[in-house]
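Structure data follow from coords_28.cif (mmCIF, C-alpha atoms):
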data_run
#
loop_
_atom_site.label_atom_id
_atom_site.label_comp_id
_atom_site.auth_asym_id
_atom_site.auth_seq_id
_atom_site.Cartn_x
_atom_site.Cartn_y
_atom_site.Cartn_z
CA MET Q 1 -49.94 -150.19 -234.05
CA SER Q 2 -49.30 -153.93 -234.17
CA LYS Q 3 -45.60 -153.35 -233.59
CA ALA Q 4 -46.42 -151.08 -230.64
CA LYS Q 5 -48.75 -153.82 -229.31
CA ILE Q 6 -51.76 -151.52 -229.00
CA ASP Q 7 -55.39 -152.12 -229.91
CA ALA Q 8 -56.13 -148.43 -230.55
CA LEU Q 9 -54.33 -145.11 -230.84
CA LEU Q 10 -55.63 -141.91 -229.24
CA ILE Q 11 -54.70 -138.81 -231.27
CA THR Q 12 -55.17 -135.44 -229.60
CA HIS Q 13 -53.05 -133.15 -231.80
CA PRO Q 14 -54.90 -131.22 -234.54
CA SER Q 15 -52.11 -131.51 -237.12
CA ASP Q 16 -52.03 -135.28 -236.62
CA TRP Q 17 -55.77 -135.78 -237.04
CA TYR Q 18 -55.82 -133.44 -240.06
CA TYR Q 19 -53.07 -135.55 -241.65
CA LEU Q 20 -55.05 -138.76 -241.12
CA THR Q 21 -58.62 -137.58 -241.79
CA GLY Q 22 -58.74 -134.08 -243.33
CA PHE Q 23 -60.58 -132.65 -240.31
CA THR Q 24 -59.37 -129.07 -239.69
CA GLY Q 25 -61.12 -128.39 -236.39
CA ASP Q 26 -58.99 -127.56 -233.37
CA ALA Q 27 -60.88 -129.41 -230.61
CA GLY Q 28 -61.49 -133.12 -230.28
CA ALA Q 29 -59.90 -136.55 -230.12
CA LEU Q 30 -59.41 -139.17 -232.83
CA ILE Q 31 -59.37 -142.84 -231.88
CA VAL Q 32 -57.99 -145.21 -234.49
CA SER Q 33 -58.49 -148.93 -233.93
CA HIS Q 34 -58.06 -151.92 -236.23
CA ARG Q 35 -61.78 -151.71 -237.00
CA GLU Q 36 -62.55 -148.00 -237.39
CA ALA Q 37 -61.56 -144.38 -236.90
CA ALA Q 38 -63.82 -142.43 -234.54
CA LEU Q 39 -63.68 -138.67 -234.13
CA ILE Q 40 -64.98 -137.12 -230.92
CA THR Q 41 -65.66 -133.39 -231.14
CA ASP Q 42 -68.13 -130.85 -229.80
CA GLY Q 43 -71.11 -129.18 -231.44
CA ARG Q 44 -69.03 -126.32 -232.84
CA PHE Q 45 -67.32 -128.73 -235.25
CA THR Q 46 -69.80 -131.52 -236.05
CA THR Q 47 -71.01 -130.04 -239.35
CA GLN Q 48 -67.44 -129.28 -240.36
CA ALA Q 49 -66.32 -132.81 -239.44
CA ARG Q 50 -69.07 -134.42 -241.54
CA GLU Q 51 -67.97 -132.39 -244.56
CA GLU Q 52 -64.22 -132.79 -244.13
CA ALA Q 53 -63.97 -136.36 -242.83
CA PRO Q 54 -67.02 -138.29 -244.12
CA ALA Q 55 -65.31 -141.68 -243.83
CA VAL Q 56 -64.75 -141.27 -240.08
CA ARG Q 57 -67.32 -142.19 -237.45
CA LEU Q 58 -68.42 -138.92 -235.80
CA ILE Q 59 -69.32 -138.81 -232.11
CA GLN Q 60 -70.56 -135.58 -230.52
CA GLN Q 61 -68.86 -134.85 -227.25
CA LYS Q 62 -70.87 -134.21 -224.09
CA GLY Q 63 -69.16 -132.62 -221.11
CA SER Q 64 -65.38 -132.66 -220.61
CA LEU Q 65 -63.44 -133.94 -223.62
CA MET Q 66 -61.04 -136.11 -221.66
CA GLU Q 67 -63.75 -137.57 -219.42
CA PHE Q 68 -66.01 -138.26 -222.41
CA THR Q 69 -63.15 -139.82 -224.37
CA GLY Q 70 -62.19 -141.99 -221.41
CA ALA Q 71 -65.79 -143.17 -221.04
CA PHE Q 72 -65.87 -143.99 -224.78
CA LEU Q 73 -62.70 -146.06 -224.41
CA ARG Q 74 -64.18 -147.86 -221.41
CA GLY Q 75 -67.03 -149.09 -223.60
CA LYS Q 76 -64.76 -150.44 -226.34
CA ALA Q 77 -62.99 -153.77 -226.61
CA SER Q 78 -59.59 -152.07 -226.78
CA ARG Q 79 -57.52 -152.95 -223.74
CA ARG Q 80 -54.23 -151.30 -224.69
CA VAL Q 81 -54.69 -147.76 -225.99
CA GLY Q 82 -51.63 -145.83 -227.12
CA PHE Q 83 -51.21 -142.08 -226.83
CA GLU Q 84 -48.61 -139.51 -227.90
CA PRO Q 85 -46.98 -138.43 -224.60
CA SER Q 86 -45.80 -135.07 -225.95
CA GLN Q 87 -49.41 -134.09 -226.70
CA LEU Q 88 -51.12 -134.89 -223.38
CA SER Q 89 -50.69 -133.04 -220.09
CA VAL Q 90 -50.43 -134.89 -216.79
CA ALA Q 91 -53.86 -133.53 -215.84
CA GLN Q 92 -55.45 -134.73 -219.11
CA LEU Q 93 -53.92 -138.19 -218.74
CA GLY Q 94 -55.24 -138.40 -215.19
CA LEU Q 95 -58.79 -137.59 -216.33
CA LEU Q 96 -58.55 -140.13 -219.16
CA LYS Q 97 -57.34 -142.92 -216.91
CA LYS Q 98 -60.02 -142.29 -214.32
CA ALA Q 99 -62.82 -142.22 -216.91
CA ALA Q 100 -61.48 -145.19 -218.91
CA GLY Q 101 -61.35 -147.47 -215.91
CA THR Q 102 -58.91 -150.13 -214.84
CA ARG Q 103 -59.59 -152.52 -217.74
CA THR Q 104 -58.26 -149.96 -220.28
CA ASN Q 105 -54.49 -149.63 -220.18
CA LEU Q 106 -53.25 -146.29 -221.53
CA VAL Q 107 -49.68 -146.72 -222.79
CA SER Q 108 -47.14 -144.30 -224.19
CA ALA Q 109 -46.79 -144.79 -227.95
CA PRO Q 110 -44.66 -141.89 -229.21
CA GLY Q 111 -44.06 -140.98 -232.82
CA LEU Q 112 -46.56 -143.19 -234.65
CA VAL Q 113 -48.12 -140.34 -236.63
CA ALA Q 114 -44.95 -138.22 -236.64
CA ASP Q 115 -43.09 -141.06 -238.37
CA LEU Q 116 -45.66 -140.94 -241.17
CA ARG Q 117 -45.70 -137.14 -241.42
CA ILE Q 118 -41.91 -136.87 -241.61
CA ARG Q 119 -41.92 -138.33 -245.15
CA LYS Q 120 -43.75 -135.98 -247.50
CA GLU Q 121 -45.62 -137.48 -250.41
CA PRO Q 122 -45.53 -135.81 -253.87
CA ALA Q 123 -48.81 -133.94 -253.26
CA GLU Q 124 -47.45 -132.56 -249.99
CA LEU Q 125 -44.19 -131.50 -251.63
CA ALA Q 126 -46.14 -129.66 -254.33
CA ARG Q 127 -47.91 -127.63 -251.65
CA MET Q 128 -44.66 -126.94 -249.86
CA ARG Q 129 -43.04 -125.67 -253.05
CA GLN Q 130 -45.86 -123.16 -253.43
CA ALA Q 131 -45.63 -122.13 -249.78
CA ALA Q 132 -41.87 -121.60 -250.15
CA LEU Q 133 -42.25 -119.51 -253.29
CA LEU Q 134 -44.95 -117.38 -251.68
CA ALA Q 135 -42.78 -116.74 -248.61
CA GLY Q 136 -39.94 -115.69 -250.89
CA ASP Q 137 -42.17 -113.28 -252.78
CA VAL Q 138 -43.38 -111.72 -249.54
CA LEU Q 139 -39.85 -111.37 -248.21
CA THR Q 140 -38.61 -109.79 -251.44
CA ASP Q 141 -41.51 -107.35 -251.33
CA ALA Q 142 -40.79 -106.54 -247.68
CA LEU Q 143 -37.28 -105.32 -248.49
CA LYS Q 144 -38.88 -102.22 -250.04
CA LEU Q 145 -40.25 -101.30 -246.61
CA LEU Q 146 -36.81 -101.06 -244.99
CA LYS Q 147 -36.20 -97.33 -244.82
CA PRO Q 148 -34.89 -95.37 -241.84
CA GLY Q 149 -37.74 -94.43 -239.52
CA VAL Q 150 -39.96 -97.47 -240.09
CA SER Q 151 -40.64 -99.62 -237.01
CA GLU Q 152 -40.28 -103.36 -236.59
CA ASN Q 153 -43.99 -103.58 -235.79
CA GLU Q 154 -44.92 -101.79 -239.01
CA VAL Q 155 -42.79 -104.07 -241.16
CA ALA Q 156 -44.12 -107.22 -239.45
CA ALA Q 157 -47.72 -106.06 -239.88
CA GLN Q 158 -47.17 -105.36 -243.57
CA ILE Q 159 -45.50 -108.75 -244.07
CA GLU Q 160 -48.40 -110.65 -242.53
CA TYR Q 161 -50.97 -108.54 -244.41
CA ARG Q 162 -49.22 -109.29 -247.70
CA MET Q 163 -49.12 -113.02 -246.91
CA ARG Q 164 -52.87 -113.18 -246.55
CA LYS Q 165 -53.48 -110.91 -249.52
CA ALA Q 166 -51.40 -113.30 -251.64
CA GLY Q 167 -53.47 -116.30 -250.58
CA ALA Q 168 -51.86 -117.64 -247.41
CA SER Q 169 -54.12 -118.59 -244.52
CA GLY Q 170 -51.67 -116.87 -242.20
CA PRO Q 171 -48.10 -116.82 -240.91
CA ALA Q 172 -46.47 -120.12 -240.00
CA PHE Q 173 -45.13 -118.42 -236.84
CA GLU Q 174 -44.91 -114.92 -235.42
CA THR Q 175 -42.90 -112.98 -238.00
CA ILE Q 176 -39.44 -111.96 -236.81
CA VAL Q 177 -38.32 -108.43 -237.72
CA ALA Q 178 -35.23 -107.32 -235.82
CA PHE Q 179 -33.23 -104.13 -236.35
CA GLY Q 180 -29.71 -103.28 -235.21
CA GLU Q 181 -28.51 -104.90 -232.01
CA ARG Q 182 -31.88 -106.65 -231.62
CA SER Q 183 -30.97 -108.82 -234.62
CA ALA Q 184 -28.61 -110.65 -232.24
CA LEU Q 185 -31.72 -112.20 -230.64
CA PRO Q 186 -32.52 -115.31 -232.74
CA HIS Q 187 -36.25 -115.19 -231.87
CA ALA Q 188 -36.70 -111.44 -231.49
CA ARG Q 189 -40.33 -110.33 -231.44
CA PRO Q 190 -41.13 -107.11 -233.32
CA THR Q 191 -41.20 -103.95 -231.21
CA ALA Q 192 -41.69 -100.22 -231.70
CA LYS Q 193 -37.95 -99.84 -232.42
CA ARG Q 194 -37.37 -97.73 -235.51
CA LEU Q 195 -34.79 -98.49 -238.17
CA ARG Q 196 -31.69 -96.34 -238.37
CA LYS Q 197 -29.05 -96.12 -241.04
CA ASN Q 198 -26.08 -98.45 -240.74
CA GLU Q 199 -27.96 -101.29 -239.04
CA LEU Q 200 -28.38 -105.00 -239.68
CA VAL Q 201 -31.92 -106.24 -240.30
CA VAL Q 202 -33.07 -109.85 -239.88
CA LEU Q 203 -36.35 -110.88 -241.50
CA ASP Q 204 -37.55 -114.39 -240.63
CA LEU Q 205 -40.99 -115.36 -241.92
CA GLY Q 206 -43.08 -118.24 -243.18
CA VAL Q 207 -46.54 -118.77 -244.59
CA ILE Q 208 -49.20 -121.44 -244.23
CA LEU Q 209 -50.55 -122.28 -247.66
CA ALA Q 210 -52.97 -125.18 -248.18
CA HIS Q 211 -52.09 -126.25 -244.60
CA TYR Q 212 -48.33 -126.54 -245.24
CA CYS Q 213 -45.62 -124.27 -243.86
CA SER Q 214 -42.56 -122.52 -245.23
CA ASP Q 215 -39.74 -120.76 -243.38
CA ILE Q 216 -37.16 -118.35 -244.77
CA THR Q 217 -34.69 -115.86 -243.31
CA ARG Q 218 -32.60 -113.16 -244.92
CA THR Q 219 -30.30 -110.56 -243.37
CA VAL Q 220 -29.68 -107.19 -244.99
CA TYR Q 221 -27.67 -104.10 -244.10
CA VAL Q 222 -29.15 -100.63 -244.32
CA GLY Q 223 -26.21 -98.53 -245.52
CA ARG Q 224 -22.69 -99.54 -246.49
CA ALA Q 225 -21.76 -102.68 -244.56
CA PRO Q 226 -18.45 -102.46 -242.68
CA ALA Q 227 -15.73 -105.04 -243.33
CA ARG Q 228 -16.47 -107.08 -240.21
CA VAL Q 229 -20.16 -107.44 -241.13
CA LYS Q 230 -19.19 -108.54 -244.64
CA GLU Q 231 -16.82 -111.12 -243.13
CA TRP Q 232 -19.52 -112.46 -240.80
CA TYR Q 233 -21.99 -112.66 -243.64
CA LYS Q 234 -19.49 -114.47 -245.86
CA ALA Q 235 -18.92 -117.02 -243.07
CA VAL Q 236 -22.63 -117.68 -242.53
CA LEU Q 237 -23.26 -117.97 -246.27
CA GLU Q 238 -20.43 -120.49 -246.63
CA ALA Q 239 -21.69 -122.41 -243.59
CA GLN Q 240 -25.17 -122.62 -245.05
CA GLY Q 241 -23.77 -123.73 -248.41
CA ALA Q 242 -21.74 -126.48 -246.74
CA ALA Q 243 -24.76 -127.70 -244.80
CA ILE Q 244 -27.00 -127.71 -247.88
CA ALA Q 245 -24.32 -129.59 -249.82
CA THR Q 246 -24.26 -132.24 -247.05
CA VAL Q 247 -28.03 -132.79 -247.15
CA ARG Q 248 -28.83 -136.05 -248.93
CA ALA Q 249 -30.55 -139.35 -248.24
CA GLY Q 250 -28.57 -141.47 -245.79
CA VAL Q 251 -26.67 -138.64 -244.09
CA THR Q 252 -27.26 -138.12 -240.37
CA CYS Q 253 -28.78 -134.89 -239.10
CA GLY Q 254 -25.74 -134.43 -236.88
CA ASP Q 255 -23.45 -134.49 -239.92
CA VAL Q 256 -25.41 -131.64 -241.53
CA ASP Q 257 -25.09 -129.61 -238.35
CA ALA Q 258 -21.37 -130.38 -238.13
CA ALA Q 259 -20.79 -129.16 -241.69
CA ALA Q 260 -22.09 -125.71 -240.82
CA ARG Q 261 -20.15 -125.55 -237.55
CA GLN Q 262 -16.91 -126.59 -239.19
CA VAL Q 263 -17.06 -123.64 -241.58
CA LEU Q 264 -17.85 -121.19 -238.80
CA ALA Q 265 -15.01 -122.62 -236.72
CA GLY Q 266 -12.65 -121.78 -239.58
CA TYR Q 267 -13.71 -118.15 -239.18
CA LYS Q 268 -13.48 -118.43 -235.36
CA LEU Q 269 -17.22 -117.73 -235.19
CA ASP Q 270 -18.54 -121.11 -234.07
CA ARG Q 271 -19.07 -119.93 -230.48
CA HIS Q 272 -21.46 -117.28 -231.82
CA PHE Q 273 -23.67 -119.94 -233.43
CA ILE Q 274 -26.07 -120.59 -230.57
CA HIS Q 275 -28.81 -122.81 -232.01
CA SER Q 276 -29.19 -125.89 -234.20
CA THR Q 277 -28.68 -125.82 -237.96
CA GLY Q 278 -32.28 -126.63 -238.79
CA HIS Q 279 -35.48 -128.55 -238.23
CA GLY Q 280 -38.16 -130.48 -240.06
CA LEU Q 281 -40.97 -128.65 -241.80
CA GLY Q 282 -44.47 -129.65 -242.91
CA LEU Q 283 -47.93 -129.15 -241.46
CA GLU Q 284 -46.12 -127.42 -238.60
CA VAL Q 285 -43.17 -125.11 -238.78
CA HIS Q 286 -41.18 -127.23 -236.31
CA GLU Q 287 -41.35 -130.97 -236.92
CA ASP Q 288 -38.98 -133.91 -236.81
CA PRO Q 289 -36.13 -134.26 -237.53
CA ARG Q 290 -33.79 -131.92 -235.65
CA LEU Q 291 -30.56 -130.96 -237.39
CA ALA Q 292 -28.44 -130.55 -234.28
CA ARG Q 293 -25.26 -131.78 -232.65
CA GLY Q 294 -25.08 -135.54 -232.32
CA GLN Q 295 -28.47 -136.28 -233.91
CA LYS Q 296 -28.34 -139.81 -235.35
CA THR Q 297 -31.52 -139.71 -237.45
CA ARG Q 298 -30.67 -140.32 -241.08
CA LEU Q 299 -32.27 -138.17 -243.75
CA GLU Q 300 -34.62 -139.99 -246.12
CA ALA Q 301 -36.41 -139.19 -249.34
CA GLY Q 302 -39.46 -137.12 -248.50
CA PHE Q 303 -37.90 -135.20 -245.61
CA VAL Q 304 -38.11 -131.41 -245.78
CA VAL Q 305 -35.75 -129.46 -243.52
CA THR Q 306 -34.61 -125.91 -242.92
CA ILE Q 307 -30.94 -124.97 -243.10
CA GLU Q 308 -30.38 -121.83 -241.03
CA PRO Q 309 -26.94 -121.21 -239.51
CA GLY Q 310 -26.32 -117.84 -237.91
CA VAL Q 311 -23.91 -115.80 -235.82
CA TYR Q 312 -24.98 -113.39 -233.11
CA MET Q 313 -22.93 -110.57 -231.60
CA ALA Q 314 -24.50 -109.11 -228.46
CA GLY Q 315 -24.72 -105.34 -228.67
CA VAL Q 316 -23.99 -105.31 -232.41
CA GLY Q 317 -26.38 -107.57 -234.29
CA GLY Q 318 -26.87 -110.97 -235.86
CA ILE Q 319 -26.82 -112.66 -239.26
CA ARG Q 320 -28.93 -115.67 -240.25
CA ILE Q 321 -29.65 -117.17 -243.67
CA GLU Q 322 -32.36 -119.80 -243.96
CA ASP Q 323 -33.81 -121.90 -246.76
CA ASP Q 324 -36.10 -124.93 -247.04
CA VAL Q 325 -34.60 -128.10 -248.56
CA ALA Q 326 -36.40 -131.23 -249.73
CA VAL Q 327 -34.58 -134.57 -249.78
CA HIS Q 328 -35.15 -136.86 -252.75
CA SER Q 329 -33.75 -140.35 -253.34
CA GLU Q 330 -31.11 -139.15 -255.82
CA ASN Q 331 -30.79 -135.42 -255.13
CA THR Q 332 -31.97 -132.49 -253.02
CA GLU Q 333 -34.14 -129.50 -253.91
CA VAL Q 334 -33.96 -126.01 -252.42
CA LEU Q 335 -37.58 -124.88 -252.26
CA THR Q 336 -36.97 -121.23 -251.34
CA ARG Q 337 -35.62 -119.20 -254.24
CA VAL Q 338 -34.57 -115.77 -252.88
CA PRO Q 339 -30.93 -114.80 -253.65
CA ARG Q 340 -28.59 -115.21 -250.67
CA ASP Q 341 -25.95 -112.60 -251.39
CA LEU Q 342 -25.59 -109.72 -248.91
CA ILE Q 343 -27.99 -106.90 -249.76
CA GLU Q 344 -27.01 -103.33 -248.86
CA LEU Q 345 -29.95 -100.90 -248.95
#

Would you mind giving the structure from this file in structure tokens?
Amino acid sequence: MSKAKIDALLITHPSDWYYLTGFTGDAGALIVSHREAALITDGRFTTQAREEAPAVRLIQQKGSLMEFTGAFLRGKASRRVGFEPSQLSVAQLGLLKKAAGTRTNLVSAPGLVADLRIRKEPAELARMRQAALLAGDVLTDALKLLKPGVSENEVAAQIEYRMRKAGASGPAFETIVAFGERSALPHARPTAKRLRKNELVVLDLGVILAHYCSDITRTVYVGRAPARVKEWYKAVLEAQGAAIATVRAGVTCGDVDAAARQVLAGYKLDRHFIHSTGHGLGLEVHEDPRLARGQKTRLEAGFVVTIEPGVYMAGVGGIRIEDDVAVHSENTEVLTRVPRDLIEL
């Protein structure tokens, strides 16, 4: 905050205020100054806030959150108040400024909490290991559901039921189950489509366990995979292996992405790789950093990233293999433990 030249920081994103205070409510605003941390929330969450964040000053909101927060800032000595621009709408910022008055200067201060969250501490990594193992168990169990006639919706429902039954608080994102040519859609939502023999299947899922996310993808073939599918799978597996081998402290995110693309280019498949190689993982399933072309951020100990190259053939299907990787000072650790070899069912 001193470096950003702000007297206080306004935090409006639930994952950020949970990280700082332990409060798990989904409505409110946290104001951190050099003197105190004050949490504004409404009557639905006051009891919860007292229990979860006893060290924080609790203020019960009256009326509109942004107007009340602005009025609170007006009454404080803080003259420069930072905010995370990616977490406030234009309308919200307008209400804040009006209520805070001309003596309070609201200034963009991006990344202050994100830069803390990007480096996972040992206790966070322990939770993420468990979340990764649970996701792997659920995925392995889900393979037994893949029989001709079952629908994508049925498989997705069973996956999310089994997550919760095993102790997860829910899915980290909407589970992706894609059969046949629909597996060529990287973010395919489950439909009523039924599985047929001789089709590719992409399963992409993650769990939230003790607030932390995991993310894993496997691709299987129902039937005997033809030669071209085996070749595509071999290429993606090699690309993922090259990217994982590149992950280490000090390497840029762009270099990890380039390692995967270089392998796919050798198979003349790079033009079918239509997304980035991976992303950060933590309290949210998509966090900094991005493992994409040209990204200059250097990996550091404590980062956890996904490595998920894929190739997608419109009208035929797609192949993606994804695992979660933690960066340590001297080595890396693959948190997800499901075998990566092509499975033919």

Worksheet item: What does the distance from atom CA of Arg164 of chain Q to atom CA of Met128 of chain Q come to in Å, to one decimal?
Response: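 Atom-to-atom, atom CA of Arg164 of chain Q to atom CA of Met128 of chain Q, that is 16.4 Å.
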
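Using only C-alpha atoms, the smallest distance between any of Q:Asp16, Q:Glu287, Q:Glu308, Q:Asp270 and Thr217 of chain Q comes from Q:Glu308.
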
Fill in: Residue among Q:Val251, Q:Leu73, Q:Leu112, Q:Val201 lying closest to Pro85 of chain Q, counting all atoms listed in the file
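Closest to Pro85 of chain Q of all the choices is Q:Leu112.
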
Could you build a table of the residues in segment 196-245 of chain Q lying no more than 8 Å from segment 134-150 of chain Q, giving for each the nearest pair of atoms and their separation in Å rounded to one decimal place, using only C-alpha atoms, ordered by chain and ascending residue number, as JSON lines?
{"residue": "Q:Arg196", "atom": "CA", "partner": "Q:Pro148", "partner_atom": "CA", "distance": 4.8}
{"residue": "Q:Lys197", "atom": "CA", "partner": "Q:Pro148", "partner_atom": "CA", "distance": 5.9}
{"residue": "Q:Leu203", "atom": "CA", "partner": "Q:Leu139", "partner_atom": "CA", "distance": 7.6}
{"residue": "Q:Leu205", "atom": "CA", "partner": "Q:Ala135", "partner_atom": "CA", "distance": 7.1}
{"residue": "Q:Gly206", "atom": "CA", "partner": "Q:Ala135", "partner_atom": "CA", "distance": 5.6}
{"residue": "Q:Val207", "atom": "CA", "partner": "Q:Ala135", "partner_atom": "CA", "distance": 5.9}
{"residue": "Q:Ser214", "atom": "CA", "partner": "Q:Ala135", "partner_atom": "CA", "distance": 6.7}
{"residue": "Q:Asp215", "atom": "CA", "partner": "Q:Ala135", "partner_atom": "CA", "distance": 7.3}
{"residue": "Q:Ile216", "atom": "CA", "partner": "Q:Ala135", "partner_atom": "CA", "distance": 7.0}
{"residue": "Q:Val222", "atom": "CA", "partner": "Q:Leu146", "partner_atom": "CA", "distance": 7.7}

Write to file, as an mmCIF file, in the frame of the given file, the residues of the selection just made, with C-alpha atoms.
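Output saved as again_14.cif:
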data_model
loop_
_atom_site.group_PDB
_atom_site.id
_atom_site.type_symbol
_atom_site.label_atom_id
_atom_site.label_comp_id
_atom_site.auth_asym_id
_atom_site.auth_seq_id
_atom_site.Cartn_x
_atom_site.Cartn_y
_atom_site.Cartn_z
ATOM 1 C CA ARG Q 196 -31.690 -96.340 -238.370
ATOM 2 C CA LYS Q 197 -29.050 -96.120 -241.040
ATOM 3 C CA LEU Q 203 -36.350 -110.880 -241.500
ATOM 4 C CA LEU Q 205 -40.990 -115.360 -241.920
ATOM 5 C CA GLY Q 206 -43.080 -118.240 -243.180
ATOM 6 C CA VAL Q 207 -46.540 -118.770 -244.590
ATOM 7 C CA SER Q 214 -42.560 -122.520 -245.230
ATOM 8 C CA ASP Q 215 -39.740 -120.760 -243.380
ATOM 9 C CA ILE Q 216 -37.160 -118.350 -244.770
ATOM 10 C CA VAL Q 222 -29.150 -100.630 -244.320
#

Taking the file as shown, find all residues satisfying the PyMOL selection byres ((chain Q and resi 76-79) around 12) and write them as a tab-separated table (two decimals) with C-alpha atoms, in the frame of the given file.
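What ended up in selection04.tsv:
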chain	number	residue	atom	x	y	z
Q	5	LYS	CA	-48.75	-153.82	-229.31
Q	6	ILE	CA	-51.76	-151.52	-229.00
Q	7	ASP	CA	-55.39	-152.12	-229.91
Q	8	ALA	CA	-56.13	-148.43	-230.55
Q	9	LEU	CA	-54.33	-145.11	-230.84
Q	10	LEU	CA	-55.63	-141.91	-229.24
Q	31	ILE	CA	-59.37	-142.84	-231.88
Q	32	VAL	CA	-57.99	-145.21	-234.49
Q	33	SER	CA	-58.49	-148.93	-233.93
Q	34	HIS	CA	-58.06	-151.92	-236.23
Q	35	ARG	CA	-61.78	-151.71	-237.00
Q	36	GLU	CA	-62.55	-148.00	-237.39
Q	38	ALA	CA	-63.82	-142.43	-234.54
Q	69	THR	CA	-63.15	-139.82	-224.37
Q	70	GLY	CA	-62.19	-141.99	-221.41
Q	71	ALA	CA	-65.79	-143.17	-221.04
Q	72	PHE	CA	-65.87	-143.99	-224.78
Q	73	LEU	CA	-62.70	-146.06	-224.41
Q	74	ARG	CA	-64.18	-147.86	-221.41
Q	75	GLY	CA	-67.03	-149.09	-223.60
Q	80	ARG	CA	-54.23	-151.30	-224.69
Q	81	VAL	CA	-54.69	-147.76	-225.99
Q	82	GLY	CA	-51.63	-145.83	-227.12
Q	100	ALA	CA	-61.48	-145.19	-218.91
Q	101	GLY	CA	-61.35	-147.47	-215.91
Q	102	THR	CA	-58.91	-150.13	-214.84
Q	103	ARG	CA	-59.59	-152.52	-217.74
Q	104	THR	CA	-58.26	-149.96	-220.28
Q	105	ASN	CA	-54.49	-149.63	-220.18
Q	106	LEU	CA	-53.25	-146.29	-221.53
Q	107	VAL	CA	-49.68	-146.72	-222.79

Name the residues, using the chain letters and numbers of the file, that sit within 10 Å of (-29.9, -111.6, -251.5) when counting all atoms listed in the file, and give them as a short mmCIF file (atom, residue, chain, number, x, y, z; two decimals) with C-alpha atoms, in the coordinates of the input.
data_model
loop_
_atom_site.label_atom_id
_atom_site.label_comp_id
_atom_site.auth_asym_id
_atom_site.auth_seq_id
_atom_site.Cartn_x
_atom_site.Cartn_y
_atom_site.Cartn_z
CA THR Q 140 -38.61 -109.79 -251.44
CA ARG Q 218 -32.60 -113.16 -244.92
CA THR Q 219 -30.30 -110.56 -243.37
CA VAL Q 220 -29.68 -107.19 -244.99
CA ILE Q 321 -29.65 -117.17 -243.67
CA ARG Q 337 -35.62 -119.20 -254.24
CA VAL Q 338 -34.57 -115.77 -252.88
CA PRO Q 339 -30.93 -114.80 -253.65
CA ARG Q 340 -28.59 -115.21 -250.67
CA ASP Q 341 -25.95 -112.60 -251.39
CA LEU Q 342 -25.59 -109.72 -248.91
CA ILE Q 343 -27.99 -106.90 -249.76
CA GLU Q 344 -27.01 -103.33 -248.86
#

Worksheet item: Quick one: distance from atom CA of Asn331 of chain Q to atom CA of Thr246 of chain Q in Å, one decimal?
Response: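 That distance, rounded to one decimal, is 10.9 Å.
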
Item to complete: Would you kindly translate the PyMOL selection byres ((chain Q and resi 169-183) around 8) into the concrete residues it picks from this file, as a PyMOL selection string?
Response: chain Q and resi 152-153+155-156+159-160+163-164+167-168+184-190+193-196+199-211+213-215+284-285+312-319

Practice prompt. Would you list the residues near (-41.1, -136.2, -239.4), meaning any protein, DNA or RNA residue with an atom at most 7 Å from that point in file coordinates, counting only C-alpha atoms, as an MDAnalysis selection string?
Written response: chainID Q and resid 114:119 280 287:289

Kindly list the centre and edge lengths in Å, rounded to one decimal, for the axis-aligned box that covers all listed atoms of segment 189-203 of chain Q plus 4 Å on each of its six sides, as AutoDock Vina command-line options.
--center_x -33.9 --center_y -103.5 --center_z -236.4 --size_x 23.6 --size_y 22.8 --size_z 18.3

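With atom CA of Leu335 of chain Q on one side and atom CA of Thr252 of chain Q on the other, the separation reads 20.6 Å.
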
Practice prompt. Quick one: apply the PyMOL selection byres ((chain Q and resi 241-244) around 12) to the file and drop the selected residues here as a PyMOL selection string.
Written response: chain Q and resi 234-240+245-248+251-264+276-278+291-292+304-309+321-327+331-335+340-341

Discussion item. Here is a test: counting all atoms listed in the file, which residue of Q:Arg50, Q:Lys3, Q:His279, Q:His13 is nearest to Glu84 of chain Q?
Written reply: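 Distance minimum relative to Glu84 of chain Q lands on Q:His13.
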
Item to complete: Would you please work out which residue, of Q:Ala166, Q:Ala49, Q:Glu67, Q:Thr41, is nearest to Phe23 of chain Q when using all atoms listed in the file?
Response: Q:Ala49
